$ cat data03.txt   # compact mmCIF, C-alpha atoms
# COMPACT_ATOMS: atom_id res chain seq x y z
CA MET I 1 0.00 0.00 0.00
CA SER I 2 2.20 2.84 -1.21
CA ASP I 3 -0.44 5.49 -0.54
CA ALA I 4 -1.26 4.19 2.95
CA ARG I 5 -1.94 6.80 5.59
CA PRO I 6 -1.58 5.21 9.06
CA PRO I 7 -3.11 4.59 11.41
CA LEU I 8 -5.17 2.11 9.44
CA PRO I 9 -8.61 0.73 10.28
CA PRO I 10 -9.92 -0.90 12.31
CA PHE I 11 -9.20 1.93 14.75
CA ASP I 12 -8.40 1.63 18.42
CA LEU I 13 -8.57 4.66 20.74
CA ASP I 14 -5.01 5.77 20.02
CA GLY I 15 -5.49 5.41 16.26
CA ALA I 16 -8.77 7.33 16.30
CA LEU I 17 -7.23 10.13 18.37
CA ALA I 18 -4.26 10.27 15.99
CA LYS I 19 -6.58 10.57 12.96
CA VAL I 20 -8.51 13.41 14.63
CA GLN I 21 -5.34 15.32 15.52
CA ALA I 22 -3.87 14.79 12.05
CA ALA I 23 -7.05 16.17 10.47
CA GLU I 24 -7.06 19.18 12.79
CA ASP I 25 -3.40 19.88 12.04
CA ALA I 26 -3.88 19.60 8.27
CA TRP I 27 -6.99 21.80 8.17
CA ASN I 28 -5.26 24.46 10.28
CA THR I 29 -2.62 24.83 7.54
CA ARG I 30 -5.42 26.12 5.27
CA ASP I 31 -3.62 24.37 2.41
CA PRO I 32 -6.28 22.71 0.21
CA HIS I 33 -3.74 20.53 -1.61
CA ARG I 34 -2.28 19.18 1.64
CA VAL I 35 -5.72 18.54 3.14
CA ALA I 36 -6.94 16.75 0.00
CA LEU I 37 -4.14 14.16 0.25
CA ALA I 38 -5.92 12.61 3.26
CA TYR I 39 -8.88 11.64 1.03
CA THR I 40 -9.24 8.96 -1.62
CA GLU I 41 -9.20 10.10 -5.24
CA ASP I 42 -12.97 9.45 -5.39
CA SER I 43 -13.86 10.60 -1.86
CA VAL I 44 -17.50 11.64 -1.40
CA TRP I 45 -18.37 14.64 0.77
CA ARG I 46 -21.43 16.34 2.10
CA ASN I 47 -20.51 19.68 3.64
CA ARG I 48 -23.63 21.47 4.81
CA ASP I 49 -25.69 21.58 1.59
CA VAL I 50 -22.76 21.03 -0.79
CA PHE I 51 -22.07 17.60 -2.30
CA LEU I 52 -18.59 16.85 -3.69
CA THR I 53 -16.82 13.92 -5.28
CA GLY I 54 -13.06 13.59 -5.70
CA ARG I 55 -9.93 15.46 -4.73
CA ALA I 56 -10.22 18.11 -7.44
CA GLU I 57 -13.64 19.18 -6.15
CA ILE I 58 -12.35 19.07 -2.56
CA ILE I 59 -9.44 21.35 -3.47
CA ASP I 60 -11.75 23.81 -5.25
CA PHE I 61 -14.17 23.80 -2.33
CA LEU I 62 -11.45 24.35 0.30
CA THR I 63 -9.77 27.07 -1.76
CA ALA I 64 -13.03 29.04 -1.90
CA LYS I 65 -13.74 28.30 1.79
CA TRP I 66 -10.46 29.76 3.01
CA GLU I 67 -10.79 32.77 0.73
CA ARG I 68 -14.08 33.55 2.58
CA GLU I 69 -13.26 32.29 6.08
CA LEU I 70 -10.26 34.38 7.10
CA ASP I 71 -7.93 33.62 10.05
CA TYR I 72 -9.57 30.20 10.34
CA ALA I 73 -8.61 28.29 13.52
CA LEU I 74 -10.05 24.79 14.13
CA ARG I 75 -10.42 22.38 17.05
CA LYS I 76 -11.67 18.80 16.60
CA SER I 77 -12.72 16.38 19.32
CA LEU I 78 -13.19 12.61 19.03
CA TRP I 79 -16.82 11.69 19.62
CA SER I 80 -16.89 7.97 18.78
CA PHE I 81 -15.18 5.34 16.64
CA GLY I 82 -15.56 1.75 15.48
CA GLY I 83 -14.12 -0.32 12.67
CA ASN I 84 -13.32 2.02 9.79
CA ARG I 85 -15.45 4.94 11.02
CA ILE I 86 -14.84 7.93 13.26
CA ALA I 87 -17.26 10.61 14.47
CA VAL I 88 -15.97 14.00 15.58
CA ARG I 89 -17.37 17.24 16.85
CA PHE I 90 -15.57 20.44 16.07
CA GLN I 91 -15.61 24.18 16.21
CA TYR I 92 -13.67 26.76 14.33
CA GLU I 93 -13.45 30.53 14.39
CA TRP I 94 -13.04 32.85 11.45
CA HIS I 95 -13.98 36.28 10.19
CA ASP I 96 -15.34 37.50 6.90
CA ALA I 97 -13.94 40.29 4.71
CA GLN I 98 -16.00 42.84 6.65
CA GLY I 99 -14.34 41.81 9.94
CA ARG I 100 -17.36 40.00 11.42
CA TRP I 101 -16.32 37.04 13.58
CA PHE I 102 -18.04 33.64 13.74
CA ARG I 103 -17.68 30.39 15.62
CA SER I 104 -18.82 27.45 13.55
CA TYR I 105 -19.97 24.34 15.42
CA GLY I 106 -20.33 20.99 13.74
CA ASN I 107 -20.21 17.23 13.60
CA GLU I 108 -18.49 15.03 11.05
CA LEU I 109 -18.87 11.39 10.17
CA TRP I 110 -15.79 9.85 8.56
CA GLU I 111 -15.40 6.54 6.74
CA PHE I 112 -11.95 5.23 5.78
CA SER I 113 -10.68 2.88 3.13
CA ASP I 114 -8.34 0.03 4.09
CA ASN I 115 -5.31 2.23 3.31
CA GLY I 116 -6.32 4.84 5.91
CA LEU I 117 -7.51 7.49 3.44
CA MET I 118 -10.94 8.97 4.04
CA CYS I 119 -13.43 7.85 1.42
CA ARG I 120 -16.51 9.57 2.87
CA ARG I 121 -17.04 12.73 4.93
CA GLU I 122 -20.40 14.10 6.05
CA ALA I 123 -20.42 17.44 7.88
CA SER I 124 -23.22 19.37 9.52
CA ILE I 125 -22.23 22.90 10.55
CA ASP I 126 -23.87 25.95 12.14
CA ASP I 127 -22.32 29.44 12.23
CA VAL I 128 -22.80 31.64 15.29
CA PRO I 129 -21.79 35.32 15.21
CA ILE I 130 -19.37 36.24 18.00
CA GLU I 131 -17.52 39.35 19.06
CA GLU I 132 -13.78 39.34 18.47
CA ALA I 133 -13.31 39.51 22.27
CA GLU I 134 -15.15 36.16 22.57
CA ARG I 135 -12.55 34.28 20.49
CA ARG I 136 -10.87 31.32 22.13
CA HIS I 137 -8.89 29.77 19.25
CA PHE I 138 -5.89 31.68 17.92
CA GLY I 139 -4.25 29.30 15.48
CA PRO I 140 -3.26 25.64 15.72
CA ARG I 141 -3.68 23.80 19.02
CA PRO I 142 -0.68 24.49 21.27
CA ALA I 143 1.54 21.52 22.10
CA ASP I 144 0.57 21.63 25.79
CA GLU I 145 -3.10 20.98 24.88
CA ARG I 146 -2.51 17.96 22.62
CA ASP I 147 -2.69 15.26 25.31
CA GLN I 148 -5.87 16.45 27.02
CA GLY I 149 -8.39 14.24 25.21
CA HIS I 150 -9.22 16.83 22.58
CA ASP I 151 -12.19 18.15 24.51
CA ILE I 152 -13.62 21.48 23.37
CA PRO I 153 -16.23 23.57 25.18
CA LEU I 154 -19.76 23.29 23.79
CA ALA I 155 -20.66 26.98 24.02
$ encode --input "data03.txt" --output "C-alpha cells"
Amino acid sequence: MSDARPPLPPFDLDGALAKVQAAEDAWNTRDPHRVALAYTEDSVWRNRDVFLTGRAEIIDFLTAKWERELDYALRKSLWSFGGNRIAVRFQYEWHDAQGRWFRSYGNELWEFSDNGLMCRREASIDDVPIEEAERRHFGPRPADERDQGHDIPLA
C-alpha cells in the first residue's frame, strides 16, 4: 500500500485520536492541496448543503472556503469510533472580509478505506456570530493541549 496513511482501520482509541489530531493539524494549515491528500481520489463529501466527489472538487471547495473564512482556527474532538469509522465534533473561528467574527460548530462522520484514506465525509455545521473579544482559538492547538483528550467547550 504505497499510498497508505496510518493509522489504518480498524481503529483503536489511540489510532482514532491520531486521525482526529492529524485532520485538525492539516486543516489548520489552510492548504487545500495538503488537506486533499488525506482523502481517496474518489472521496465523497457532504458539507452542509454542498455535495462533492473527488480530490479536485475538494481542493476547489477548500480554496473558496479559506478565501471567505479568514484567520480560520479549528479544534476537533473525538466523539466515537468503530471499525473504519470515526465521528468527531468540532468548532472553528473565522472572520469575513468585513471583519465580522463567527464560531462554527459541527459534527463530522468519517469513513476510511483500508489504506487509511478517508473515502466519505459528512459534515453538519452551524455558524454563530461572536464578538472578536469572545474568540478562544488563535491558530493551531498548542503543544501543551494535545494530550488532554481533545475536549472542546460546547458553548
$ residues_near_point --input "data03.txt" --point "(0.7, 2.5, -1.6)" --cutoff "12 Å" --atoms "all atoms listed in the file" --output "list in words"
Met1, Ser2, Asp3, Ala4, Arg5, Pro6, Thr40, Asp114, Asn115, Gly116 and Leu117 of chain I
$ atom_distance --input "data03.txt" --atom1 "CA of Thr29 (chain I)" --atom2 "CA of Gly106 (chain I)"
19.2 Å
$ closest_residue --input "data03.txt" --among "I:Asp42, I:Glu131, I:Asp71, I:Asp126" --to "Arg100 (chain I)" --atoms "only C-alpha atoms"
I:Glu131
$ closest_residue --input "data03.txt" --among "I:Gly82, I:Glu24, I:Pro32, I:Arg121" --to "Gly139 (chain I)" --atoms "all atoms listed in the file"
I:Glu24
$ closest_residue --input "data03.txt" --among "I:Glu67, I:Asp12, I:Asp60, I:Glu111" --to "Tyr39 (chain I)" --atoms "only C-alpha atoms"
I:Glu111
$ residues_around --input "data03.txt" --residues "Trp101 (chain I)" --least-positions-apart "4" --cutoff "12 Å" --atoms "only C-alpha atoms" --output "list in words"
Arg68, Glu69, Leu70, Asp71, Tyr72, Ala73, Tyr92, Glu93, Trp94, His95, Asp96, Ala97, Asp127, Val128, Pro129, Ile130, Glu131, Glu132, Ala133, Glu134, Arg135, Arg136 and His137 of chain I
$ closest_residue --input "data03.txt" --among "I:Ala22, I:Cys119, I:Ile125, I:Ala143" --to "Ser43 (chain I)" --atoms "all atoms listed in the file"
I:Cys119
$ closest_residue --input "data03.txt" --among "I:Arg89, I:Phe81, I:Val44, I:Asp25" --to "Glu57 (chain I)" --atoms "only C-alpha atoms"
I:Val44
$ residues_around --input "data03.txt" --residues "Val35 (chain I)" --least-positions-apart "6" --cutoff "9 Å" --atoms "only C-alpha atoms" --output "VMD selection string"
chain I and resid 23 26 to 27 29 58 to 59 62
$ atom_distance --input "data03.txt" --atom1 "CA of Arg55 (chain I)" --atom2 "CA of Ser77 (chain I)"
24.2 Å
$ atom_distance --input "data03.txt" --atom1 "CA of Leu109 (chain I)" --atom2 "CA of Arg30 (chain I)"
20.5 Å
$ closest_residue --input "data03.txt" --among "I:Gln21, I:Arg85, I:Pro9, I:Asn28" --to "Phe138 (chain I)" --atoms "only C-alpha atoms"
I:Asn28
$ decode --input "data03.txt" --residues "region 13-132 of chain I" --atoms "C-alpha atoms" --output "compact mmCIF listing (two decimals), in the first residue's frame"
# COMPACT_ATOMS: atom_id res chain seq x y z
CA LEU I 13 -8.57 4.66 20.74
CA ASP I 14 -5.01 5.77 20.02
CA GLY I 15 -5.49 5.41 16.26
CA ALA I 16 -8.77 7.33 16.30
CA LEU I 17 -7.23 10.13 18.37
CA ALA I 18 -4.26 10.27 15.99
CA LYS I 19 -6.58 10.57 12.96
CA VAL I 20 -8.51 13.41 14.63
CA GLN I 21 -5.34 15.32 15.52
CA ALA I 22 -3.87 14.79 12.05
CA ALA I 23 -7.05 16.17 10.47
CA GLU I 24 -7.06 19.18 12.79
CA ASP I 25 -3.40 19.88 12.04
CA ALA I 26 -3.88 19.60 8.27
CA TRP I 27 -6.99 21.80 8.17
CA ASN I 28 -5.26 24.46 10.28
CA THR I 29 -2.62 24.83 7.54
CA ARG I 30 -5.42 26.12 5.27
CA ASP I 31 -3.62 24.37 2.41
CA PRO I 32 -6.28 22.71 0.21
CA HIS I 33 -3.74 20.53 -1.61
CA ARG I 34 -2.28 19.18 1.64
CA VAL I 35 -5.72 18.54 3.14
CA ALA I 36 -6.94 16.75 0.00
CA LEU I 37 -4.14 14.16 0.25
CA ALA I 38 -5.92 12.61 3.26
CA TYR I 39 -8.88 11.64 1.03
CA THR I 40 -9.24 8.96 -1.62
CA GLU I 41 -9.20 10.10 -5.24
CA ASP I 42 -12.97 9.45 -5.39
CA SER I 43 -13.86 10.60 -1.86
CA VAL I 44 -17.50 11.64 -1.40
CA TRP I 45 -18.37 14.64 0.77
CA ARG I 46 -21.43 16.34 2.10
CA ASN I 47 -20.51 19.68 3.64
CA ARG I 48 -23.63 21.47 4.81
CA ASP I 49 -25.69 21.58 1.59
CA VAL I 50 -22.76 21.03 -0.79
CA PHE I 51 -22.07 17.60 -2.30
CA LEU I 52 -18.59 16.85 -3.69
CA THR I 53 -16.82 13.92 -5.28
CA GLY I 54 -13.06 13.59 -5.70
CA ARG I 55 -9.93 15.46 -4.73
CA ALA I 56 -10.22 18.11 -7.44
CA GLU I 57 -13.64 19.18 -6.15
CA ILE I 58 -12.35 19.07 -2.56
CA ILE I 59 -9.44 21.35 -3.47
CA ASP I 60 -11.75 23.81 -5.25
CA PHE I 61 -14.17 23.80 -2.33
CA LEU I 62 -11.45 24.35 0.30
CA THR I 63 -9.77 27.07 -1.76
CA ALA I 64 -13.03 29.04 -1.90
CA LYS I 65 -13.74 28.30 1.79
CA TRP I 66 -10.46 29.76 3.01
CA GLU I 67 -10.79 32.77 0.73
CA ARG I 68 -14.08 33.55 2.58
CA GLU I 69 -13.26 32.29 6.08
CA LEU I 70 -10.26 34.38 7.10
CA ASP I 71 -7.93 33.62 10.05
CA TYR I 72 -9.57 30.20 10.34
CA ALA I 73 -8.61 28.29 13.52
CA LEU I 74 -10.05 24.79 14.13
CA ARG I 75 -10.42 22.38 17.05
CA LYS I 76 -11.67 18.80 16.60
CA SER I 77 -12.72 16.38 19.32
CA LEU I 78 -13.19 12.61 19.03
CA TRP I 79 -16.82 11.69 19.62
CA SER I 80 -16.89 7.97 18.78
CA PHE I 81 -15.18 5.34 16.64
CA GLY I 82 -15.56 1.75 15.48
CA GLY I 83 -14.12 -0.32 12.67
CA ASN I 84 -13.32 2.02 9.79
CA ARG I 85 -15.45 4.94 11.02
CA ILE I 86 -14.84 7.93 13.26
CA ALA I 87 -17.26 10.61 14.47
CA VAL I 88 -15.97 14.00 15.58
CA ARG I 89 -17.37 17.24 16.85
CA PHE I 90 -15.57 20.44 16.07
CA GLN I 91 -15.61 24.18 16.21
CA TYR I 92 -13.67 26.76 14.33
CA GLU I 93 -13.45 30.53 14.39
CA TRP I 94 -13.04 32.85 11.45
CA HIS I 95 -13.98 36.28 10.19
CA ASP I 96 -15.34 37.50 6.90
CA ALA I 97 -13.94 40.29 4.71
CA GLN I 98 -16.00 42.84 6.65
CA GLY I 99 -14.34 41.81 9.94
CA ARG I 100 -17.36 40.00 11.42
CA TRP I 101 -16.32 37.04 13.58
CA PHE I 102 -18.04 33.64 13.74
CA ARG I 103 -17.68 30.39 15.62
CA SER I 104 -18.82 27.45 13.55
CA TYR I 105 -19.97 24.34 15.42
CA GLY I 106 -20.33 20.99 13.74
CA ASN I 107 -20.21 17.23 13.60
CA GLU I 108 -18.49 15.03 11.05
CA LEU I 109 -18.87 11.39 10.17
CA TRP I 110 -15.79 9.85 8.56
CA GLU I 111 -15.40 6.54 6.74
CA PHE I 112 -11.95 5.23 5.78
CA SER I 113 -10.68 2.88 3.13
CA ASP I 114 -8.34 0.03 4.09
CA ASN I 115 -5.31 2.23 3.31
CA GLY I 116 -6.32 4.84 5.91
CA LEU I 117 -7.51 7.49 3.44
CA MET I 118 -10.94 8.97 4.04
CA CYS I 119 -13.43 7.85 1.42
CA ARG I 120 -16.51 9.57 2.87
CA ARG I 121 -17.04 12.73 4.93
CA GLU I 122 -20.40 14.10 6.05
CA ALA I 123 -20.42 17.44 7.88
CA SER I 124 -23.22 19.37 9.52
CA ILE I 125 -22.23 22.90 10.55
CA ASP I 126 -23.87 25.95 12.14
CA ASP I 127 -22.32 29.44 12.23
CA VAL I 128 -22.80 31.64 15.29
CA PRO I 129 -21.79 35.32 15.21
CA ILE I 130 -19.37 36.24 18.00
CA GLU I 131 -17.52 39.35 19.06
CA GLU I 132 -13.78 39.34 18.47
